[in-house]
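Student: This is start_7.cif (mmCIF, C-alpha atoms and all ligand atoms).
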```cif
data_entry
loop_
_atom_site.label_atom_id
_atom_site.label_comp_id
_atom_site.auth_asym_id
_atom_site.auth_seq_id
_atom_site.Cartn_x
_atom_site.Cartn_y
_atom_site.Cartn_z
CA MET A 1 -14.08 -10.62 11.80
CA ILE A 2 -14.93 -7.83 9.37
CA ALA A 3 -14.58 -4.16 10.34
CA LEU A 4 -15.56 -0.99 8.50
CA ILE A 5 -13.81 2.19 9.60
CA THR A 6 -15.05 5.46 8.13
CA GLY A 7 -12.40 8.06 7.32
CA ALA A 8 -9.67 5.45 7.71
CA ASN A 9 -7.34 6.83 5.04
CA LYS A 10 -5.42 8.86 7.63
CA GLY A 11 -5.15 9.91 11.27
CA ILE A 12 -6.81 7.97 14.08
CA GLY A 13 -8.92 5.92 11.66
CA TYR A 14 -5.83 4.74 9.80
CA GLN A 15 -4.13 3.72 13.04
CA THR A 16 -7.30 1.97 14.21
CA ALA A 17 -7.24 0.00 10.95
CA ARG A 18 -3.59 -0.90 11.44
CA LEU A 19 -4.09 -2.07 15.02
CA LEU A 20 -7.19 -4.11 14.15
CA ILE A 21 -5.34 -5.79 11.28
CA GLU A 22 -2.61 -6.71 13.78
CA ARG A 23 -5.37 -8.46 15.73
CA ASN A 24 -6.36 -10.45 12.62
CA VAL A 25 -9.45 -8.42 11.80
CA THR A 26 -10.28 -7.96 8.11
CA VAL A 27 -10.54 -4.20 7.68
CA VAL A 28 -12.43 -2.22 5.08
CA VAL A 29 -11.09 1.32 4.82
CA GLY A 30 -13.97 3.73 4.18
CA ALA A 31 -12.73 6.84 2.38
CA ARG A 32 -14.62 9.64 0.68
CA ASP A 33 -11.81 9.90 -1.87
CA ASP A 34 -11.41 6.56 -3.62
CA GLU A 35 -7.76 7.18 -4.50
CA ARG A 36 -6.79 8.05 -0.91
CA GLY A 37 -8.71 4.99 0.30
CA ARG A 38 -6.99 2.64 -2.14
CA LYS A 39 -3.56 3.99 -1.24
CA ALA A 40 -4.15 3.57 2.49
CA ALA A 41 -5.62 0.10 2.02
CA ALA A 42 -2.62 -0.99 -0.05
CA GLU A 43 -0.24 0.21 2.69
CA LEU A 44 -2.27 -1.48 5.41
CA GLY A 45 -3.10 -4.75 3.70
CA ALA A 46 -6.78 -3.88 3.87
CA ARG A 47 -9.55 -3.36 1.33
CA SER A 48 -11.20 -0.05 0.65
CA VAL A 49 -14.62 1.23 -0.29
CA GLN A 50 -15.69 4.69 -1.40
CA LEU A 51 -17.76 6.12 1.45
CA ASP A 52 -18.68 9.74 1.99
CA VAL A 53 -20.67 9.84 5.22
CA THR A 54 -22.59 12.91 4.03
CA SER A 55 -23.92 11.08 0.96
CA ALA A 56 -26.72 8.57 1.55
CA GLU A 57 -26.07 7.19 -1.93
CA SER A 58 -22.37 6.60 -1.24
CA VAL A 59 -23.14 5.00 2.15
CA ALA A 60 -25.79 2.71 0.59
CA GLY A 61 -23.29 1.72 -2.09
CA ALA A 62 -20.69 0.83 0.57
CA ALA A 63 -23.25 -1.24 2.51
CA GLY A 64 -24.23 -3.08 -0.66
CA TRP A 65 -20.58 -3.83 -1.44
CA ILE A 66 -19.89 -5.16 2.08
CA GLU A 67 -23.01 -7.32 1.90
CA LYS A 68 -21.90 -8.76 -1.45
CA GLU A 69 -18.31 -9.37 -0.31
CA TYR A 70 -18.83 -10.55 3.27
CA GLY A 71 -22.57 -10.94 3.97
CA HIS A 72 -22.25 -9.29 7.38
CA LEU A 73 -20.27 -6.76 9.44
CA ASP A 74 -18.80 -7.35 12.92
CA ILE A 75 -17.36 -3.92 13.71
CA LEU A 76 -18.35 -0.41 12.63
CA VAL A 77 -16.04 2.42 13.68
CA ASN A 78 -17.71 5.77 13.01
CA ASN A 79 -14.44 7.68 12.86
CA ALA A 80 -14.88 10.23 10.06
CA GLY A 81 -15.06 13.70 11.56
CA ILE A 82 -14.29 17.32 10.80
CA ALA A 83 -13.41 20.48 12.72
CA LEU A 84 -13.89 23.48 10.45
CA ARG A 85 -11.47 26.41 10.61
CA GLN A 86 -13.19 29.69 11.44
CA ASP A 87 -12.03 33.28 10.97
CA ASP A 88 -13.79 34.15 14.21
CA PRO A 89 -13.66 31.17 16.58
CA ALA A 90 -16.16 32.68 19.05
CA PRO A 91 -19.60 31.06 19.28
CA SER A 92 -21.12 34.43 18.35
CA GLY A 93 -18.96 34.46 15.21
CA THR A 94 -19.98 30.98 14.10
CA PRO A 95 -22.32 30.98 11.09
CA ALA A 96 -25.15 28.48 11.36
CA ASP A 97 -23.94 27.07 8.04
CA ALA A 98 -20.60 26.10 9.62
CA MET A 99 -22.51 24.34 12.33
CA ARG A 100 -24.72 22.57 9.79
CA ALA A 101 -21.69 21.40 7.82
CA THR A 102 -20.06 20.08 10.99
CA TYR A 103 -23.20 18.21 12.00
CA GLU A 104 -23.59 16.76 8.48
CA THR A 105 -20.37 14.81 9.03
CA ASN A 106 -20.02 14.42 12.80
CA VAL A 107 -23.65 13.66 13.65
CA PHE A 108 -25.93 13.03 10.66
CA GLY A 109 -23.17 11.10 8.89
CA VAL A 110 -22.92 8.74 11.84
CA VAL A 111 -26.68 8.18 11.75
CA THR A 112 -26.67 7.55 7.98
CA VAL A 113 -23.81 5.05 8.22
CA THR A 114 -25.15 3.32 11.34
CA ASN A 115 -28.63 2.86 9.88
CA ALA A 116 -27.20 1.53 6.62
CA MET A 117 -24.84 -0.91 8.37
CA LEU A 118 -27.15 -2.13 11.13
CA PRO A 119 -28.76 -4.90 9.04
CA LEU A 120 -25.24 -6.26 8.42
CA LEU A 121 -24.23 -5.83 12.08
CA ARG A 122 -27.36 -7.72 13.16
CA ARG A 123 -26.06 -10.71 11.18
CA ALA A 124 -22.79 -10.71 13.15
CA ARG A 125 -22.31 -12.97 16.18
CA ALA A 126 -21.61 -9.89 18.34
CA GLY A 127 -21.66 -6.54 16.56
CA ARG A 128 -19.70 -3.60 17.87
CA ILE A 129 -20.24 0.07 17.03
CA VAL A 130 -17.61 2.60 18.12
CA ASN A 131 -18.31 6.31 17.72
CA LEU A 132 -15.27 8.62 17.81
CA SER A 133 -16.35 11.27 20.25
CA SER A 134 -14.09 13.71 22.07
CA GLY A 135 -13.49 15.05 25.56
CA LEU A 136 -14.76 18.31 24.02
CA GLY A 137 -18.22 16.70 23.81
CA SER A 138 -18.43 16.33 27.58
CA LEU A 139 -20.91 18.71 29.23
CA ALA A 140 -19.34 17.81 32.57
CA ALA A 141 -15.87 18.91 31.38
CA ALA A 142 -17.26 22.02 29.67
CA THR A 143 -18.81 23.18 32.93
CA ASP A 144 -15.95 22.17 35.24
CA PRO A 145 -13.91 25.28 36.16
CA GLY A 146 -10.83 23.07 36.64
CA SER A 147 -11.09 21.38 33.25
CA PRO A 148 -8.20 21.78 30.77
CA PHE A 149 -10.88 21.91 28.04
CA LEU A 150 -12.43 25.14 29.34
CA GLU A 151 -10.67 27.37 26.78
CA TYR A 152 -11.74 25.18 23.80
CA ASN A 153 -15.17 26.74 23.56
CA ASN A 154 -15.99 25.75 19.99
CA LEU A 155 -19.71 25.89 19.26
CA ALA A 156 -19.91 23.65 16.19
CA TYR A 157 -17.37 20.93 17.02
CA ASN A 158 -18.02 20.59 20.76
CA SER A 159 -21.79 20.51 20.42
CA SER A 160 -21.55 18.00 17.54
CA LYS A 161 -19.63 15.62 19.81
CA ALA A 162 -22.07 16.19 22.67
CA ALA A 163 -24.86 15.28 20.22
CA LEU A 164 -22.87 12.23 19.14
CA ASN A 165 -22.69 11.13 22.77
CA MET A 166 -26.48 11.18 22.97
CA VAL A 167 -26.68 9.41 19.59
CA THR A 168 -24.50 6.68 21.13
CA VAL A 169 -26.72 6.31 24.18
CA VAL A 170 -29.94 6.28 22.16
CA TYR A 171 -28.71 3.53 19.79
CA SER A 172 -27.36 1.50 22.71
CA LYS A 173 -30.82 1.55 24.28
CA GLU A 174 -32.52 0.40 21.09
CA LEU A 175 -29.98 -2.41 20.75
CA ALA A 176 -29.87 -3.38 24.43
CA GLY A 177 -31.70 -6.64 23.78
CA THR A 178 -29.27 -7.70 21.06
CA SER A 179 -25.61 -8.74 21.06
CA ILE A 180 -24.63 -5.36 19.52
CA LYS A 181 -22.77 -2.91 21.74
CA VAL A 182 -22.56 0.82 20.99
CA ASN A 183 -19.97 2.99 22.71
CA ALA A 184 -18.33 6.39 22.41
CA ALA A 185 -14.52 6.63 22.40
CA ASP A 186 -12.56 9.65 23.59
CA PRO A 187 -9.13 9.33 21.95
CA GLY A 188 -7.54 12.29 23.75
CA TYR A 189 -5.79 15.19 22.03
CA CYS A 190 -3.86 13.57 19.16
CA ALA A 191 -1.62 15.16 16.55
CA THR A 192 -3.50 14.80 13.25
CA ASP A 193 -4.52 16.96 10.29
CA LEU A 194 -7.74 17.78 12.19
CA ASN A 195 -5.82 20.08 14.56
CA ASP A 196 -2.76 20.87 12.42
CA HIS A 197 -0.84 18.34 14.45
CA SER A 198 -1.08 20.34 17.67
CA GLY A 199 -2.14 17.33 19.78
CA PHE A 200 0.24 15.90 22.37
CA ARG A 201 -0.73 12.26 21.78
CA THR A 202 -0.06 10.22 18.67
CA ALA A 203 -2.85 9.00 16.39
CA GLU A 204 -1.85 5.48 17.39
CA GLN A 205 -2.40 6.30 21.06
CA GLY A 206 -5.79 7.76 20.15
CA ALA A 207 -6.70 4.61 18.24
CA ALA A 208 -6.12 2.34 21.25
CA ILE A 209 -9.49 3.07 22.89
CA ALA A 210 -11.34 2.61 19.58
CA VAL A 211 -9.66 -0.78 19.19
CA ARG A 212 -10.53 -1.79 22.74
CA LEU A 213 -14.19 -0.91 22.23
CA ALA A 214 -14.24 -2.63 18.81
CA LEU A 215 -13.01 -5.87 20.38
CA LEU A 216 -15.08 -5.82 23.59
CA ASP A 217 -16.16 -9.21 24.79
CA GLY A 218 -19.74 -10.00 25.80
CA ASP A 219 -19.20 -8.71 29.35
CA GLY A 220 -18.11 -5.27 28.13
CA PRO A 221 -20.17 -2.09 28.46
CA THR A 222 -22.65 -0.59 26.03
CA GLY A 223 -23.86 3.01 26.00
CA ALA A 224 -20.56 4.06 27.62
CA TYR A 225 -18.17 6.97 27.00
CA LEU A 226 -14.63 5.81 27.54
CA SER A 227 -11.03 6.93 27.19
CA ASP A 228 -7.84 5.00 27.93
CA GLU A 229 -8.24 6.06 31.52
CA GLY A 230 -11.77 4.72 31.95
CA PRO A 231 -15.23 6.31 31.89
CA VAL A 232 -15.38 9.96 30.81
CA PRO A 233 -17.93 12.11 32.70
CA TRP A 234 -20.80 12.91 30.31
N1 LIG A 301 -7.24 14.41 16.73
C1 LIG A 301 -7.79 14.62 17.92
O1 LIG A 301 -7.18 15.18 18.84
C2 LIG A 301 -9.19 14.12 18.18
C3 LIG A 301 -9.67 14.24 19.50
C4 LIG A 301 -10.95 13.80 19.77
C5 LIG A 301 -11.71 13.23 18.79
N2 LIG A 301 -11.22 13.14 17.50
C6 LIG A 301 -12.09 12.52 16.49
O2 LIG A 301 -11.43 11.43 15.90
C7 LIG A 301 -11.91 11.24 14.56
C8 LIG A 301 -10.72 11.14 13.61
O3 LIG A 301 -10.07 12.40 13.60
P1 LIG A 301 -8.54 12.60 13.22
O4 LIG A 301 -7.96 13.44 14.28
O5 LIG A 301 -7.92 11.32 12.84
O6 LIG A 301 -8.74 13.56 11.94
P2 LIG A 301 -8.11 13.54 10.47
O7 LIG A 301 -6.70 13.09 10.48
O8 LIG A 301 -8.46 14.88 9.91
O9 LIG A 301 -8.96 12.41 9.74
C9 LIG A 301 -10.33 12.57 9.52
C10 LIG A 301 -10.79 11.51 8.56
O10 LIG A 301 -12.20 11.68 8.34
C11 LIG A 301 -12.40 11.71 6.93
N3 LIG A 301 -13.62 12.42 6.57
C12 LIG A 301 -13.95 13.72 6.76
N4 LIG A 301 -15.15 13.98 6.23
C13 LIG A 301 -15.60 12.82 5.70
C14 LIG A 301 -16.76 12.43 5.01
N5 LIG A 301 -17.74 13.32 4.72
N6 LIG A 301 -16.90 11.15 4.63
C15 LIG A 301 -15.92 10.25 4.88
N7 LIG A 301 -14.79 10.55 5.50
C16 LIG A 301 -14.63 11.83 5.90
C17 LIG A 301 -11.15 12.35 6.37
O11 LIG A 301 -11.06 12.11 4.96
P3 LIG A 301 -10.17 13.03 3.97
O12 LIG A 301 -8.76 12.53 4.08
O13 LIG A 301 -10.80 12.78 2.65
O14 LIG A 301 -10.31 14.45 4.46
C18 LIG A 301 -10.12 11.61 7.19
O15 LIG A 301 -9.90 10.32 6.67
C19 LIG A 301 -12.84 12.41 14.27
O16 LIG A 301 -14.18 12.01 14.48
C20 LIG A 301 -12.43 13.44 15.33
O17 LIG A 301 -13.46 14.34 15.63
C21 LIG A 301 -9.97 13.57 17.19
#
```
Output the file's structure as structure tokens, nothing else.
Tutor:
Amino acid sequence: MIALITGANKGIGYQTARLLIERNVTVVVGARDDERGRKAAAELGARSVQLDVTSAESVAGAAGWIEKEYGHLDILVNNAGIALRQDDPAPSGTPADAMRATYETNVFGVVTVTNAMLPLLRRARAGRIVNLSSGLGSLAAATDPGSPFLEYNNLAYNSSKAALNMVTVVYSKELAGTSIKVNAADPGYCATDLNDHSGFRTAEQGAAIAVRLALLDGDGPTGAYLSDEGPVPW
């Protein structure tokens, strides 16, 4: 099986690559910085391809390379994501440009990569798409007075992951008549560069749900939003 993981040069994507390789999957590390991608791939025993999710040209180049090397793709993990630092973290202090930049990677990037890779996924026996969402994308959690997420009221990041959840559902509906499954993974709060290592889980723990959704069998769900503990309320 062939898997492409975007942003796999570090963090949860790197650990997802490592765990998939342990399960005998051939992994292609997608990295916007070629050097970082090559280094990670060498450590992992993977291959790497330059892939900046915000560049349609770079994404098309990666798709062309995978087609030439493998002819198809079994697993796409849309992992690349950003959370921009803000001087004023309040929604009212968030410039629209910060929101645009966040969406370029976390939402539009996923669409660009998914559309470019779908022809290759359609050639797989059973394609799997995993979108790295977040508990912060849950409208149910955001409006639950008892939720531990209540204080994380970040306009750009949280809404980008809520949008990604809908992106997941919409693709799963288009692909319902095919063998391709599309799901959103909530990895939990993991210590990575994204949050200056403030998370209480490891990146490896966060990767576990992405791996599970990448290796779902035919009876598994599609259009679902799942963490290690089961379905996450939308
Ligand atoms: N950590 C958490 O607690 C947590 C919780 C919920 C969801 N998530 C999600 O999990 C995913 C992975 O996050 P992480 O915590 O592992 O963060 P991370 O350690 O900061 O890694 C993010 C990865 O995405 C890459 N990336 C960023 N912009 C990119 C672009 N335009 N094109 C290609 N790659 C790009 C980064 O590349 P560079 O090395 O070049 O910057 C890096 O490889 C993200 O989608 C994040 O939102 C994380």
Student: Around ligand LIG 301 (chain A), out to 8 Å and counting all atoms listed in the file, which residues are there? I want them as a PyMOL selection string.
Tutor: chain A and resi 6-14+30-33+36+51-55+78-83+104-106+109+131-136+157+161+186-195+197+199+201+203+206
Student: Would you compute the distance between atom CA of A:Asn158 and atom CA of A:Ser172? Give it in Å to one decimal.
Tutor: 21.3 Å
Student: What is the distance, in Å and to one decimal place, between atom CA of A:Asn153 and atom CA of A:Glu204?
Tutor: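 Value for the atom CA of A:Asn153-atom CA of A:Glu204 distance: 25.8 Å.
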Student: Of the residues A:Ala207, A:Val167, A:Ala116, A:Arg85, which is the one nearest to A:Gly64, using only C-alpha atoms?
Tutor: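 Of the candidates, the smallest distance to A:Gly64 is held by A:Ala116.
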Student: Between atom CA of A:Val110 and atom CA of A:Ala156, what is the spacing in Å?
Tutor: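 Atom CA of A:Val110 lies at a distance of 15.8 Å from atom CA of A:Ala156.
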Student: Considering all atoms listed in the file, state which residue in the set A:Leu76, A:Ala46, A:Ala56, A:Val29 is at the smallest distance from A:Val211.
Tutor: A:Leu76
Student: Given the choices A:Thr112, A:Thr26, A:Thr168, A:Asn154, which gets closest to A:Glu69 if the distance is worked out from only C-alpha atoms?
Tutor: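 For A:Glu69, the nearest of the candidates is A:Thr26.
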Student: Check the smallest atom-to-atom distance from each of A:Gly93, A:Gly45, A:Pro221, A:Pro233 to A:Ala142 using all atoms listed in the file, then report the winner.
Tutor: A:Pro233
Student: Which one of A:Leu175, A:Ala208, A:Ala224, A:Leu164 sits closest to A:Leu20 if you count only C-alpha atoms?
Tutor: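 Closest to A:Leu20 of all the choices is A:Ala208.
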Student: Would you please work out which residue, of A:Ile5, A:Ala214, A:Leu155, A:Met166, is nearest to A:Val27 when using all atoms listed in the file?
Tutor: A:Ile5
Student: Which neighbours of A:Tyr70 fall inside 10 Å, counting all atoms listed in the file, when residues of the same chain fewer than 4 positions from it are skipped, and could you give them as a list in words?
Tutor: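 Residues meeting the cut-off are Met1, Ile2, Trp65, Ile66 and Leu120 of chain A.
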Student: What would stretch 180-191 of chain A look like with all heavy atoms in place, written as an mmCIF file, keeping the file's coordinate frame?
Tutor:
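Final file, out29.cif:
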```cif
data_model
loop_
_atom_site.group_PDB
_atom_site.id
_atom_site.type_symbol
_atom_site.label_atom_id
_atom_site.label_comp_id
_atom_site.auth_asym_id
_atom_site.auth_seq_id
_atom_site.Cartn_x
_atom_site.Cartn_y
_atom_site.Cartn_z
ATOM 1 N N ILE A 180 -25.388 -6.510 20.050
ATOM 2 C CA ILE A 180 -24.630 -5.360 19.520
ATOM 3 C C ILE A 180 -24.375 -4.339 20.630
ATOM 4 O O ILE A 180 -25.304 -3.933 21.340
ATOM 5 C CB ILE A 180 -25.393 -4.685 18.354
ATOM 6 C CG1 ILE A 180 -25.636 -5.693 17.224
ATOM 7 C CG2 ILE A 180 -24.623 -3.464 17.843
ATOM 8 C CD1 ILE A 180 -26.502 -5.162 16.089
ATOM 9 N N LYS A 181 -23.124 -3.938 20.764
ATOM 10 C CA LYS A 181 -22.770 -2.910 21.740
ATOM 11 C C LYS A 181 -22.391 -1.617 21.013
ATOM 12 O O LYS A 181 -21.748 -1.666 19.957
ATOM 13 C CB LYS A 181 -21.577 -3.369 22.588
ATOM 14 C CG LYS A 181 -21.902 -4.565 23.481
ATOM 15 C CD LYS A 181 -20.709 -4.942 24.322
ATOM 16 C CE LYS A 181 -20.960 -6.222 25.107
ATOM 17 N NZ LYS A 181 -22.016 -6.099 26.109
ATOM 18 N N VAL A 182 -22.808 -0.494 21.596
ATOM 19 C CA VAL A 182 -22.560 0.820 20.990
ATOM 20 C C VAL A 182 -21.896 1.712 22.027
ATOM 21 O O VAL A 182 -22.485 1.973 23.084
ATOM 22 C CB VAL A 182 -23.885 1.489 20.543
ATOM 23 C CG1 VAL A 182 -23.599 2.710 19.671
ATOM 24 C CG2 VAL A 182 -24.801 0.518 19.833
ATOM 25 N N ASN A 183 -20.689 2.164 21.737
ATOM 26 C CA ASN A 183 -19.970 2.990 22.710
ATOM 27 C C ASN A 183 -19.300 4.183 22.048
ATOM 28 O O ASN A 183 -19.035 4.170 20.841
ATOM 29 C CB ASN A 183 -18.910 2.132 23.422
ATOM 30 C CG ASN A 183 -19.531 1.111 24.359
ATOM 31 O OD1 ASN A 183 -20.154 1.472 25.352
ATOM 32 N ND2 ASN A 183 -19.398 -0.163 24.023
ATOM 33 N N ALA A 184 -19.039 5.196 22.875
ATOM 34 C CA ALA A 184 -18.330 6.390 22.410
ATOM 35 C C ALA A 184 -16.895 6.356 22.930
ATOM 36 O O ALA A 184 -16.669 6.069 24.111
ATOM 37 C CB ALA A 184 -19.036 7.643 22.928
ATOM 38 N N ALA A 185 -15.938 6.633 22.036
ATOM 39 C CA ALA A 185 -14.520 6.630 22.400
ATOM 40 C C ALA A 185 -13.990 8.051 22.435
ATOM 41 O O ALA A 185 -14.216 8.826 21.502
ATOM 42 C CB ALA A 185 -13.732 5.805 21.381
ATOM 43 N N ASP A 186 -13.284 8.375 23.513
ATOM 44 C CA ASP A 186 -12.560 9.650 23.590
ATOM 45 C C ASP A 186 -11.077 9.338 23.399
ATOM 46 O O ASP A 186 -10.441 8.771 24.289
ATOM 47 C CB ASP A 186 -12.817 10.292 24.965
ATOM 48 C CG ASP A 186 -11.881 11.472 25.227
ATOM 49 O OD1 ASP A 186 -11.201 11.935 24.287
ATOM 50 O OD2 ASP A 186 -11.825 11.914 26.397
ATOM 51 N N PRO A 187 -10.520 9.722 22.237
ATOM 52 C CA PRO A 187 -9.130 9.330 21.950
ATOM 53 C C PRO A 187 -8.084 10.229 22.599
ATOM 54 O O PRO A 187 -6.894 9.933 22.507
ATOM 55 C CB PRO A 187 -9.063 9.461 20.420
ATOM 56 C CG PRO A 187 -10.048 10.543 20.089
ATOM 57 C CD PRO A 187 -11.150 10.430 21.119
ATOM 58 N N GLY A 188 -8.511 11.321 23.238
ATOM 59 C CA GLY A 188 -7.540 12.290 23.750
ATOM 60 C C GLY A 188 -7.096 13.223 22.626
ATOM 61 O O GLY A 188 -7.563 13.107 21.488
ATOM 62 N N TYR A 189 -6.206 14.137 22.978
ATOM 63 C CA TYR A 189 -5.790 15.190 22.030
ATOM 64 C C TYR A 189 -4.591 14.657 21.216
ATOM 65 O O TYR A 189 -3.464 14.614 21.718
ATOM 66 C CB TYR A 189 -5.438 16.436 22.829
ATOM 67 C CG TYR A 189 -5.191 17.691 22.029
ATOM 68 C CD1 TYR A 189 -5.782 17.899 20.790
ATOM 69 C CD2 TYR A 189 -4.363 18.690 22.540
ATOM 70 C CE1 TYR A 189 -5.548 19.066 20.074
ATOM 71 C CE2 TYR A 189 -4.134 19.866 21.842
ATOM 72 C CZ TYR A 189 -4.733 20.036 20.601
ATOM 73 O OH TYR A 189 -4.492 21.190 19.905
ATOM 74 N N CYS A 190 -4.873 14.261 19.976
ATOM 75 C CA CYS A 190 -3.860 13.570 19.160
ATOM 76 C C CYS A 190 -3.425 14.441 17.984
ATOM 77 O O CYS A 190 -4.249 15.124 17.365
ATOM 78 C CB CYS A 190 -4.443 12.271 18.601
ATOM 79 S SG CYS A 190 -5.148 11.201 19.853
ATOM 80 N N ALA A 191 -2.166 14.373 17.665
ATOM 81 C CA ALA A 191 -1.620 15.160 16.550
ATOM 82 C C ALA A 191 -2.062 14.569 15.222
ATOM 83 O O ALA A 191 -1.572 13.511 14.810
ATOM 84 C CB ALA A 191 -0.092 15.185 16.641
#
```
